[in-house]
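File shown here: upload.cif, holding mmCIF, C-alpha atoms and all ligand atoms.
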data_upload
loop_
_atom_site.group_PDB
_atom_site.id
_atom_site.type_symbol
_atom_site.label_atom_id
_atom_site.label_comp_id
_atom_site.auth_asym_id
_atom_site.auth_seq_id
_atom_site.Cartn_x
_atom_site.Cartn_y
_atom_site.Cartn_z
ATOM 1 C CA MET R 120 0.607 -48.921 43.958
ATOM 2 C CA THR R 121 -1.837 -49.375 46.825
ATOM 3 C CA ALA R 122 -1.227 -52.362 49.134
ATOM 4 C CA PRO R 123 -3.569 -55.211 48.121
ATOM 5 C CA ASN R 124 -5.220 -55.475 51.531
ATOM 6 C CA ASP R 125 -5.869 -51.719 51.677
ATOM 7 C CA ARG R 126 -7.344 -51.838 48.209
ATOM 8 C CA ILE R 127 -9.560 -54.794 49.098
ATOM 9 C CA ARG R 128 -10.732 -53.091 52.265
ATOM 10 C CA ARG R 129 -11.485 -49.818 50.461
ATOM 11 C CA SER R 130 -13.243 -51.572 47.607
ATOM 12 C CA LEU R 131 -15.396 -53.666 49.878
ATOM 13 C CA ARG R 132 -16.328 -50.716 52.054
ATOM 14 C CA GLN R 133 -17.403 -48.656 49.037
ATOM 15 C CA ARG R 134 -19.380 -51.533 47.562
ATOM 16 C CA LEU R 135 -21.051 -52.350 50.849
ATOM 17 C CA GLN R 136 -22.108 -48.754 51.329
ATOM 18 C CA SER R 137 -23.520 -48.711 47.839
ATOM 19 C CA LEU R 138 -25.446 -51.939 48.388
ATOM 20 C CA GLN R 139 -26.725 -50.811 51.755
ATOM 21 C CA GLU R 140 -28.079 -47.667 50.107
ATOM 22 C CA ALA R 141 -29.837 -49.977 47.653
ATOM 23 C CA GLY R 142 -31.458 -51.884 50.527
ATOM 24 C CA VAL R 143 -29.102 -54.894 50.711
ATOM 25 C CA GLN R 144 -28.304 -55.668 54.315
ATOM 26 C CA GLN R 145 -25.834 -58.558 54.202
ATOM 27 C CA LEU R 146 -23.704 -60.411 51.693
ATOM 28 C CA PRO R 147 -22.702 -64.070 51.723
ATOM 29 C CA ARG R 148 -19.089 -65.135 52.204
ATOM 30 C CA THR R 149 -17.039 -65.484 49.053
ATOM 31 C CA GLY R 150 -16.321 -68.738 47.248
ATOM 32 C CA GLY R 151 -19.635 -69.197 45.514
ATOM 33 C CA LYS R 152 -22.354 -67.366 43.668
ATOM 34 C CA LEU R 153 -23.956 -64.453 45.396
ATOM 35 C CA ALA R 154 -27.225 -65.175 47.085
ATOM 36 C CA PRO R 155 -30.311 -63.434 45.752
ATOM 37 C CA THR R 156 -30.818 -60.192 47.622
ATOM 38 C CA SER R 157 -34.266 -61.317 48.746
ATOM 39 C CA SER R 158 -32.693 -64.057 50.876
ATOM 40 C CA LEU R 159 -30.176 -61.855 52.619
ATOM 41 C CA ALA R 160 -30.403 -61.814 56.401
ATOM 42 C CA PRO R 161 -30.250 -58.634 58.517
ATOM 43 C CA LEU R 162 -26.886 -57.333 59.647
ATOM 44 C CA ALA R 163 -25.520 -58.094 63.095
ATOM 45 C CA ALA R 164 -25.993 -55.311 65.624
ATOM 46 C CA THR R 165 -22.980 -53.302 66.704
ATOM 47 C CA GLN R 166 -19.980 -55.459 67.541
ATOM 48 C CA ALA R 167 -18.361 -58.648 66.280
ATOM 49 C CA VAL R 168 -15.269 -60.663 67.218
ATOM 50 C CA SER R 169 -12.570 -61.637 64.761
ATOM 51 C CA ALA R 170 -12.299 -65.414 64.306
ATOM 52 C CA ASP R 171 -8.526 -65.027 64.068
ATOM 53 C CA ASP R 172 -7.597 -63.139 67.223
ATOM 54 C CA ARG R 173 -10.856 -62.704 69.149
ATOM 55 C CA ARG R 174 -10.238 -58.982 69.439
ATOM 56 C CA PRO R 175 -13.326 -56.773 69.131
ATOM 57 C CA ILE R 176 -13.771 -55.277 65.711
ATOM 58 C CA PRO R 177 -14.685 -51.568 65.563
ATOM 59 C CA ALA R 178 -18.415 -51.116 65.080
ATOM 60 C CA GLY R 179 -17.862 -49.264 61.808
ATOM 61 C CA LEU R 180 -16.191 -52.306 60.286
ATOM 62 C CA VAL R 181 -18.680 -54.882 61.537
ATOM 63 C CA ALA R 182 -20.643 -54.844 58.316
ATOM 64 C CA GLU R 183 -17.627 -55.590 56.115
ATOM 65 C CA GLN R 184 -15.924 -58.026 58.519
ATOM 66 C CA PRO R 185 -17.296 -61.273 57.020
ATOM 67 C CA LEU R 186 -16.163 -60.299 53.552
ATOM 68 C CA ILE R 187 -12.744 -59.041 54.616
ATOM 69 C CA GLN R 188 -12.111 -62.097 56.750
ATOM 70 C CA ALA R 189 -13.064 -64.390 53.894
ATOM 71 C CA GLU R 190 -10.616 -62.600 51.604
ATOM 72 C CA MET R 191 -7.746 -62.880 54.068
ATOM 73 C CA GLU R 192 -8.233 -66.621 54.520
ATOM 74 C CA SER R 193 -6.867 -67.442 51.095
ATOM 75 C CA SER R 194 -3.299 -67.130 49.858
ATOM 76 C CA ALA R 195 -4.856 -66.151 46.528
ATOM 77 C CA ALA R 196 -6.719 -63.316 48.232
ATOM 78 C CA PRO R 197 -6.074 -60.552 45.669
ATOM 79 C CA VAL R 198 -7.327 -62.671 42.767
ATOM 80 C CA ARG R 199 -10.312 -64.039 44.666
ATOM 81 C CA SER R 200 -11.134 -60.628 46.094
ATOM 82 C CA ALA R 201 -11.132 -58.985 42.695
ATOM 83 C CA ALA R 202 -13.330 -61.774 41.347
ATOM 84 C CA ALA R 203 -15.719 -61.608 44.292
ATOM 85 C CA THR R 204 -16.014 -57.844 44.215
ATOM 86 C CA LEU R 205 -16.493 -57.912 40.458
ATOM 87 C CA GLU R 206 -19.367 -60.339 41.044
ATOM 88 C CA VAL R 207 -20.973 -57.865 43.413
ATOM 89 C CA LEU R 208 -20.508 -55.086 40.885
ATOM 90 C CA GLN R 209 -21.931 -57.309 38.153
ATOM 91 C CA LEU R 210 -25.029 -57.811 40.259
ATOM 92 C CA GLU R 211 -25.393 -54.066 40.612
ATOM 93 C CA VAL R 212 -24.961 -53.547 36.867
ATOM 94 C CA ALA R 213 -27.590 -56.204 36.121
ATOM 95 C CA GLY R 214 -30.166 -54.186 38.028
ATOM 96 C CA CYS R 215 -29.185 -50.799 36.605
ATOM 97 C CA THR R 216 -31.863 -48.794 34.767
ATOM 98 C CA ARG R 217 -30.113 -45.428 34.522
ATOM 99 C CA CYS R 218 -30.394 -45.359 30.738
ATOM 100 C CA VAL R 219 -34.121 -45.794 30.381
ATOM 101 C CA GLU R 220 -34.146 -46.763 26.710
ATOM 102 C CA LEU R 221 -31.272 -49.238 27.027
ATOM 103 C CA ALA R 222 -32.707 -50.854 30.143
ATOM 104 C CA ARG R 223 -36.047 -51.263 28.364
ATOM 105 C CA THR R 224 -34.630 -52.762 25.152
ATOM 106 C CA ARG R 225 -31.724 -54.918 26.378
ATOM 107 C CA THR R 226 -32.011 -58.676 26.783
ATOM 108 C CA GLN R 227 -29.432 -58.538 29.559
ATOM 109 C CA THR R 228 -26.465 -56.491 30.679
ATOM 110 C CA VAL R 229 -23.038 -57.496 29.373
ATOM 111 C CA PHE R 230 -20.544 -56.980 32.166
ATOM 112 C CA GLY R 231 -17.199 -58.376 31.039
ATOM 113 C CA VAL R 232 -15.239 -61.593 30.979
ATOM 114 C CA GLY R 233 -11.739 -62.874 31.634
ATOM 115 C CA ASN R 234 -9.016 -62.845 34.232
ATOM 116 C CA PRO R 235 -10.109 -60.576 37.120
ATOM 117 C CA ARG R 236 -6.472 -59.571 37.662
ATOM 118 C CA ALA R 237 -5.393 -59.399 34.026
ATOM 119 C CA ARG R 238 -2.390 -57.306 33.010
ATOM 120 C CA LEU R 239 -4.233 -56.346 29.866
ATOM 121 C CA CYS R 240 -7.830 -55.261 29.292
ATOM 122 C CA PHE R 241 -9.463 -54.993 25.885
ATOM 123 C CA MET R 242 -12.209 -52.427 25.761
ATOM 124 C CA GLY R 243 -14.847 -52.056 23.081
ATOM 125 C CA GLU R 244 -17.754 -49.653 22.823
ATOM 126 C CA ALA R 245 -20.990 -51.549 23.590
ATOM 127 C CA PRO R 246 -22.612 -54.963 23.227
ATOM 128 C CA GLY R 247 -24.004 -55.926 19.842
ATOM 129 C CA ALA R 248 -26.849 -58.312 19.088
ATOM 130 C CA ASP R 249 -24.856 -61.498 19.796
ATOM 131 C CA GLU R 250 -23.440 -60.080 23.010
ATOM 132 C CA ASP R 251 -26.866 -58.929 24.153
ATOM 133 C CA ARG R 252 -28.214 -62.423 23.497
ATOM 134 C CA LEU R 253 -25.348 -64.328 25.143
ATOM 135 C CA GLY R 254 -24.330 -61.881 27.880
ATOM 136 C CA GLU R 255 -20.640 -61.874 26.945
ATOM 137 C CA PRO R 256 -18.617 -59.215 25.107
ATOM 138 C CA PHE R 257 -17.040 -59.907 21.714
ATOM 139 C CA VAL R 258 -18.703 -63.201 20.877
ATOM 140 C CA GLY R 259 -19.919 -62.467 17.329
ATOM 141 C CA ARG R 260 -17.852 -62.204 14.150
ATOM 142 C CA ALA R 261 -15.896 -59.285 15.586
ATOM 143 C CA GLY R 262 -15.220 -61.407 18.663
ATOM 144 C CA GLN R 263 -13.885 -64.221 16.527
ATOM 145 C CA LEU R 264 -11.497 -61.780 14.900
ATOM 146 C CA LEU R 265 -10.446 -60.516 18.315
ATOM 147 C CA ASN R 266 -9.716 -64.131 19.296
ATOM 148 C CA LYS R 267 -7.433 -64.438 16.264
ATOM 149 C CA ILE R 268 -5.665 -61.209 17.182
ATOM 150 C CA LEU R 269 -5.149 -62.559 20.703
ATOM 151 C CA GLU R 270 -3.832 -65.819 19.308
ATOM 152 C CA ALA R 271 -1.359 -63.942 17.128
ATOM 153 C CA CYS R 272 -0.167 -62.194 20.294
ATOM 154 C CA ARG R 273 0.153 -65.593 22.012
ATOM 155 C CA LEU R 274 -2.670 -64.700 24.380
ATOM 156 C CA ARG R 275 -5.874 -66.500 25.295
ATOM 157 C CA ARG R 276 -9.202 -64.907 26.140
ATOM 158 C CA GLU R 277 -8.838 -66.137 29.706
ATOM 159 C CA ASP R 278 -5.466 -64.364 30.035
ATOM 160 C CA VAL R 279 -6.975 -60.929 29.469
ATOM 161 C CA TYR R 280 -10.143 -59.124 30.540
ATOM 162 C CA ILE R 281 -12.619 -58.020 27.879
ATOM 163 C CA LEU R 282 -15.213 -55.353 28.552
ATOM 164 C CA ASN R 283 -17.131 -52.526 26.936
ATOM 165 C CA THR R 284 -17.613 -48.841 27.661
ATOM 166 C CA LEU R 285 -21.367 -49.481 27.916
ATOM 167 C CA LYS R 286 -22.910 -52.517 29.564
ATOM 168 C CA CYS R 287 -26.180 -52.449 27.600
ATOM 169 C CA ARG R 288 -26.789 -52.762 23.882
ATOM 170 C CA PRO R 289 -27.908 -49.561 22.163
ATOM 171 C CA PRO R 290 -30.891 -50.431 19.948
ATOM 172 C CA GLY R 291 -29.954 -51.053 16.330
ATOM 173 C CA ASN R 292 -26.270 -50.982 17.311
ATOM 174 C CA ARG R 293 -26.266 -47.181 17.243
ATOM 175 C CA ASN R 294 -23.356 -45.392 18.893
ATOM 176 C CA PRO R 295 -23.692 -44.844 22.642
ATOM 177 C CA ALA R 296 -25.120 -41.416 23.455
ATOM 178 C CA PRO R 297 -22.875 -39.169 25.579
ATOM 179 C CA ASP R 298 -25.264 -39.327 28.532
ATOM 180 C CA GLU R 299 -25.317 -43.143 28.343
ATOM 181 C CA ALA R 300 -21.525 -43.278 28.343
ATOM 182 C CA ALA R 301 -21.493 -40.878 31.290
ATOM 183 C CA ASN R 302 -24.076 -42.988 33.147
ATOM 184 C CA CYS R 303 -22.037 -46.154 32.719
ATOM 185 C CA ARG R 304 -18.659 -44.589 33.420
ATOM 186 C CA ARG R 305 -18.737 -45.320 37.126
ATOM 187 C CA PHE R 306 -19.127 -49.031 36.372
ATOM 188 C CA LEU R 307 -16.258 -48.962 33.905
ATOM 189 C CA ASP R 308 -13.954 -47.086 36.264
ATOM 190 C CA ARG R 309 -14.847 -49.454 39.077
ATOM 191 C CA GLN R 310 -14.099 -52.497 36.929
ATOM 192 C CA LEU R 311 -10.717 -51.077 35.964
ATOM 193 C CA GLU R 312 -9.965 -50.149 39.565
ATOM 194 C CA LEU R 313 -10.662 -53.724 40.665
ATOM 195 C CA ILE R 314 -8.866 -55.476 37.817
ATOM 196 C CA GLU R 315 -6.018 -52.969 38.007
ATOM 197 C CA PRO R 316 -4.526 -53.833 34.604
ATOM 198 C CA GLU R 317 -1.205 -52.366 33.536
ATOM 199 C CA PHE R 318 -2.413 -51.979 29.975
ATOM 200 C CA ILE R 319 -5.690 -51.162 28.266
ATOM 201 C CA CYS R 320 -6.232 -51.680 24.570
ATOM 202 C CA CYS R 321 -9.096 -49.539 23.284
ATOM 203 C CA LEU R 322 -10.843 -51.101 20.312
ATOM 204 C CA GLY R 323 -12.306 -48.384 18.141
ATOM 205 C CA ALA R 324 -12.918 -44.660 18.350
ATOM 206 C CA ILE R 325 -15.826 -44.751 20.811
ATOM 207 C CA ALA R 326 -13.889 -46.666 23.460
ATOM 208 C CA ALA R 327 -10.716 -44.625 22.937
ATOM 209 C CA GLN R 328 -12.425 -41.242 22.917
ATOM 210 C CA ASN R 329 -14.520 -42.060 25.979
ATOM 211 C CA LEU R 330 -11.645 -43.389 28.037
ATOM 212 C CA LEU R 331 -9.187 -40.671 27.103
ATOM 213 C CA ALA R 332 -11.779 -37.867 27.035
ATOM 214 C CA THR R 333 -10.724 -36.694 23.615
ATOM 215 C CA THR R 334 -12.313 -36.041 20.242
ATOM 216 C CA GLU R 335 -9.217 -37.093 18.274
ATOM 217 C CA SER R 336 -9.866 -39.670 15.585
ATOM 218 C CA ILE R 337 -8.833 -43.281 16.083
ATOM 219 C CA GLY R 338 -6.430 -42.803 13.174
ATOM 220 C CA ARG R 339 -4.592 -40.171 15.201
ATOM 221 C CA LEU R 340 -4.884 -41.960 18.549
ATOM 222 C CA ARG R 341 -3.488 -45.265 17.355
ATOM 223 C CA GLY R 342 0.240 -45.980 16.985
ATOM 224 C CA ARG R 343 1.348 -44.558 20.331
ATOM 225 C CA VAL R 344 1.031 -45.167 24.048
ATOM 226 C CA HIS R 345 -1.298 -42.965 26.104
ATOM 227 C CA ALA R 346 -1.769 -42.719 29.850
ATOM 228 C CA TYR R 347 -5.040 -42.981 31.724
ATOM 229 C CA GLY R 348 -4.119 -42.622 35.376
ATOM 230 C CA ALA R 349 -1.653 -45.412 36.071
ATOM 231 C CA PHE R 350 -2.822 -47.422 33.052
ATOM 232 C CA LYS R 351 -0.927 -47.459 29.763
ATOM 233 C CA VAL R 352 -3.340 -47.263 26.857
ATOM 234 C CA VAL R 353 -2.923 -48.358 23.254
ATOM 235 C CA CYS R 354 -5.724 -47.662 20.790
ATOM 236 C CA THR R 355 -6.484 -49.497 17.599
ATOM 237 C CA TYR R 356 -9.329 -50.185 15.198
ATOM 238 C CA HIS R 357 -12.403 -52.108 16.327
ATOM 239 C CA PRO R 358 -12.497 -55.665 14.944
ATOM 240 C CA ALA R 359 -15.913 -54.895 13.370
ATOM 241 C CA TYR R 360 -14.229 -52.089 11.410
ATOM 242 C CA LEU R 361 -11.487 -54.502 10.346
ATOM 243 C CA LEU R 362 -14.121 -56.896 9.011
ATOM 244 C CA ARG R 363 -15.421 -54.096 6.803
ATOM 245 C CA ASN R 364 -11.953 -52.719 5.994
ATOM 246 C CA PRO R 365 -9.475 -55.628 5.892
ATOM 247 C CA SER R 366 -6.680 -53.347 4.642
ATOM 248 C CA ALA R 367 -6.600 -51.739 8.117
ATOM 249 C CA LYS R 368 -5.541 -55.039 9.679
ATOM 250 C CA LYS R 369 -1.911 -54.166 9.055
ATOM 251 C CA GLN R 370 -2.169 -51.033 11.207
ATOM 252 C CA THR R 371 -3.901 -53.001 13.946
ATOM 253 C CA TRP R 372 -1.137 -55.583 13.841
ATOM 254 C CA ASP R 373 1.399 -52.749 14.153
ATOM 255 C CA ASP R 374 -0.535 -51.515 17.206
ATOM 256 C CA MET R 375 -0.556 -54.978 18.732
ATOM 257 C CA LYS R 376 3.185 -55.316 18.204
ATOM 258 C CA LEU R 377 3.645 -51.971 19.939
ATOM 259 C CA LEU R 378 1.464 -53.155 22.824
ATOM 260 C CA MET R 379 3.281 -56.471 23.159
ATOM 261 C CA ARG R 380 6.659 -54.724 23.118
ATOM 262 C CA GLU R 381 5.473 -52.392 25.886
ATOM 263 C CA MET R 382 4.336 -55.419 27.869
ATOM 264 C CA GLY R 383 7.723 -57.050 27.498
ATOM 265 C CA THR R 384 6.420 -59.913 25.358
ATOM 266 C CA PRO R 385 7.292 -58.870 21.795
ATOM 267 C CA VAL R 386 5.721 -60.768 18.935
ATOM 268 C CA ASP R 387 7.788 -59.379 16.057
HETATM 269 S S1 LIG V 1 -25.625 -48.747 29.953
HETATM 270 FE FE1 LIG V 1 -24.733 -48.820 32.002
HETATM 271 S S2 LIG V 1 -25.621 -47.055 33.086
HETATM 272 FE FE2 LIG V 1 -26.902 -47.447 31.258
HETATM 273 S S3 LIG V 1 -28.550 -48.813 31.993
HETATM 274 FE FE3 LIG V 1 -26.923 -50.123 31.184
HETATM 275 S S4 LIG V 1 -25.652 -50.608 32.980
HETATM 276 FE FE4 LIG V 1 -26.933 -48.829 33.538
#
Do you think you could lay out the structure here as C-alpha cells?
Amino acid sequence: MTAPNDRIRRSLRQRLQSLQEAGVQQLPRTGGKLAPTSSLAPLAATQAVSADDRRPIPAGLVAEQPLIQAEMESSAAPVRSAAATLEVLQLEVAGCTRCVELARTRTQTVFGVGNPRARLCFMGEAPGADEDRLGEPFVGRAGQLLNKILEACRLRREDVYILNTLKCRPPGNRNPAPDEAANCRRFLDRQLELIEPEFICCLGAIAAQNLLATTESIGRLRGRVHAYGAFKVVCTYHPAYLLRNPSAKKQTWDDMKLLMREMGTPVD
C-alpha cells in the first residue's frame, strides 16, 4: 500500500494540474469550503519557503505547497486530505458537461456521501429522481432499504461511503449508456483511489458489470468475492430490484453475510 504522504502528494499534484488546465490558479487552504473559482488569486511566482523549516521548496512544487503543508499540519492528515481532495473532485464533477444530454437534464450532480476513508464503499448505477433533486445517492425508497441493510450489518451510513457509477441522472431513469459510463469512469476511479476502501459492494448489474468490465449477469456475479485492483468486491442485487422482487432479499442477505465475514465482522 502506498505511504499516505506519497499518496496525498500524488493526488494533490494530479488534481492541481487538472484544475490549472481548467483555468484555476490557486486553491484555498483546507479546513473549510472551497472558495469559488472566480475569487481565486494568482499563483506565487517561482519559489516559496516552507513554514516548517524555512528551506526553499523546489519551483515545481510551489503550486502544491500550501495544500501539502495544510495536510501535514494535522494528525488526522489522511482523513482530512481525502476529504479535502474529494471536495476538489466534487467541484470538478459539478462543472462537468461531458455527457451533453445528462448535463442538460440534470438538476445537479450527485457525487457521493459518507466516510472519506471508509473500509467499505457501496456503489449503485446512477442517481434517480430523488437523488437528482437532493444531491445525495440512495435517498429514495431504495435508499431507505439500503439503510435497513446497513443496520442489519451493524453499520451506519456515515461508516461507509455511498456512490454511483454515474454522477448525473439519466432522463427517465434509463440505464446509463456505455459512453456515459466511460465518460464518468475517471471520476469513479479517482473517488475510489482517494477513499481507498478495502471492500466495494456493487448494488445491481450495471454497477457490477461496469466496475468489473464483464457482461456476466448479477445472478452469476453475486455470491462470491471478486478483485478489482487491490479492492475486494462483492456484488448483490440493487435495493430497487429488491423492492420489486422481495423474494431476492434472502440472496442479498447471504451476500451481505459473505461481505461481513470477509471484513472480519460477521453478522450470522
Ligand atoms: S455523468 Fe459524469 S461524465 Fe457525464 S456529465 Fe455527469 S459528471 Fe460528467
_Once the PyMOL selection byres (((chain R and resi 244-250) around 8) and not hetatm) is applied to the coordinates I shared, what remains selected? I want it as a PyMOL selection string._
chain R and resi 229+242-243+251-259+283-289+292+295+322-323+325-326
6 Å per side around ligand LIG 1 (chain V): axis-aligned box centre and edge lengths, as lines of an AutoDock Vina configuration file:
center_x = -26.6
center_y = -48.8
center_z = 31.7
size_x = 15.8
size_y = 15.6
size_z = 15.6
*Got a sec to resolve the PyMOL selection byres (((not hetatm)) within 8 of (chain V and resi 1)) on this structure and send the residues as a list in words?*
Val212, Ala213, Gly214, Cys215, Thr216, Arg217, Cys218, Val219, Glu220, Leu221, Ala222, Thr228, Leu285, Lys286, Cys287, Arg288, Glu299, Ala300, Ala301, Asn302, Cys303, Arg304 and Phe306 of chain R
*Would you list the contacts of Leu331 in chain R as a VMD selection string, taking every protein, DNA or RNA residue within 7 Å and counting all atoms listed in the file, but skipping same-chain residues closer than 3 positions in sequence?*
chain R and resid 327 to 328 347
_Give me the residues near Lys368 in chain R as a PyMOL selection string, where near means some atom within 12 Å (using all atoms listed in the file) and where sequence neighbours in that chain fewer than 4 positions away do not count._
chain R and resi 264-265+267-268+355-364+372-375
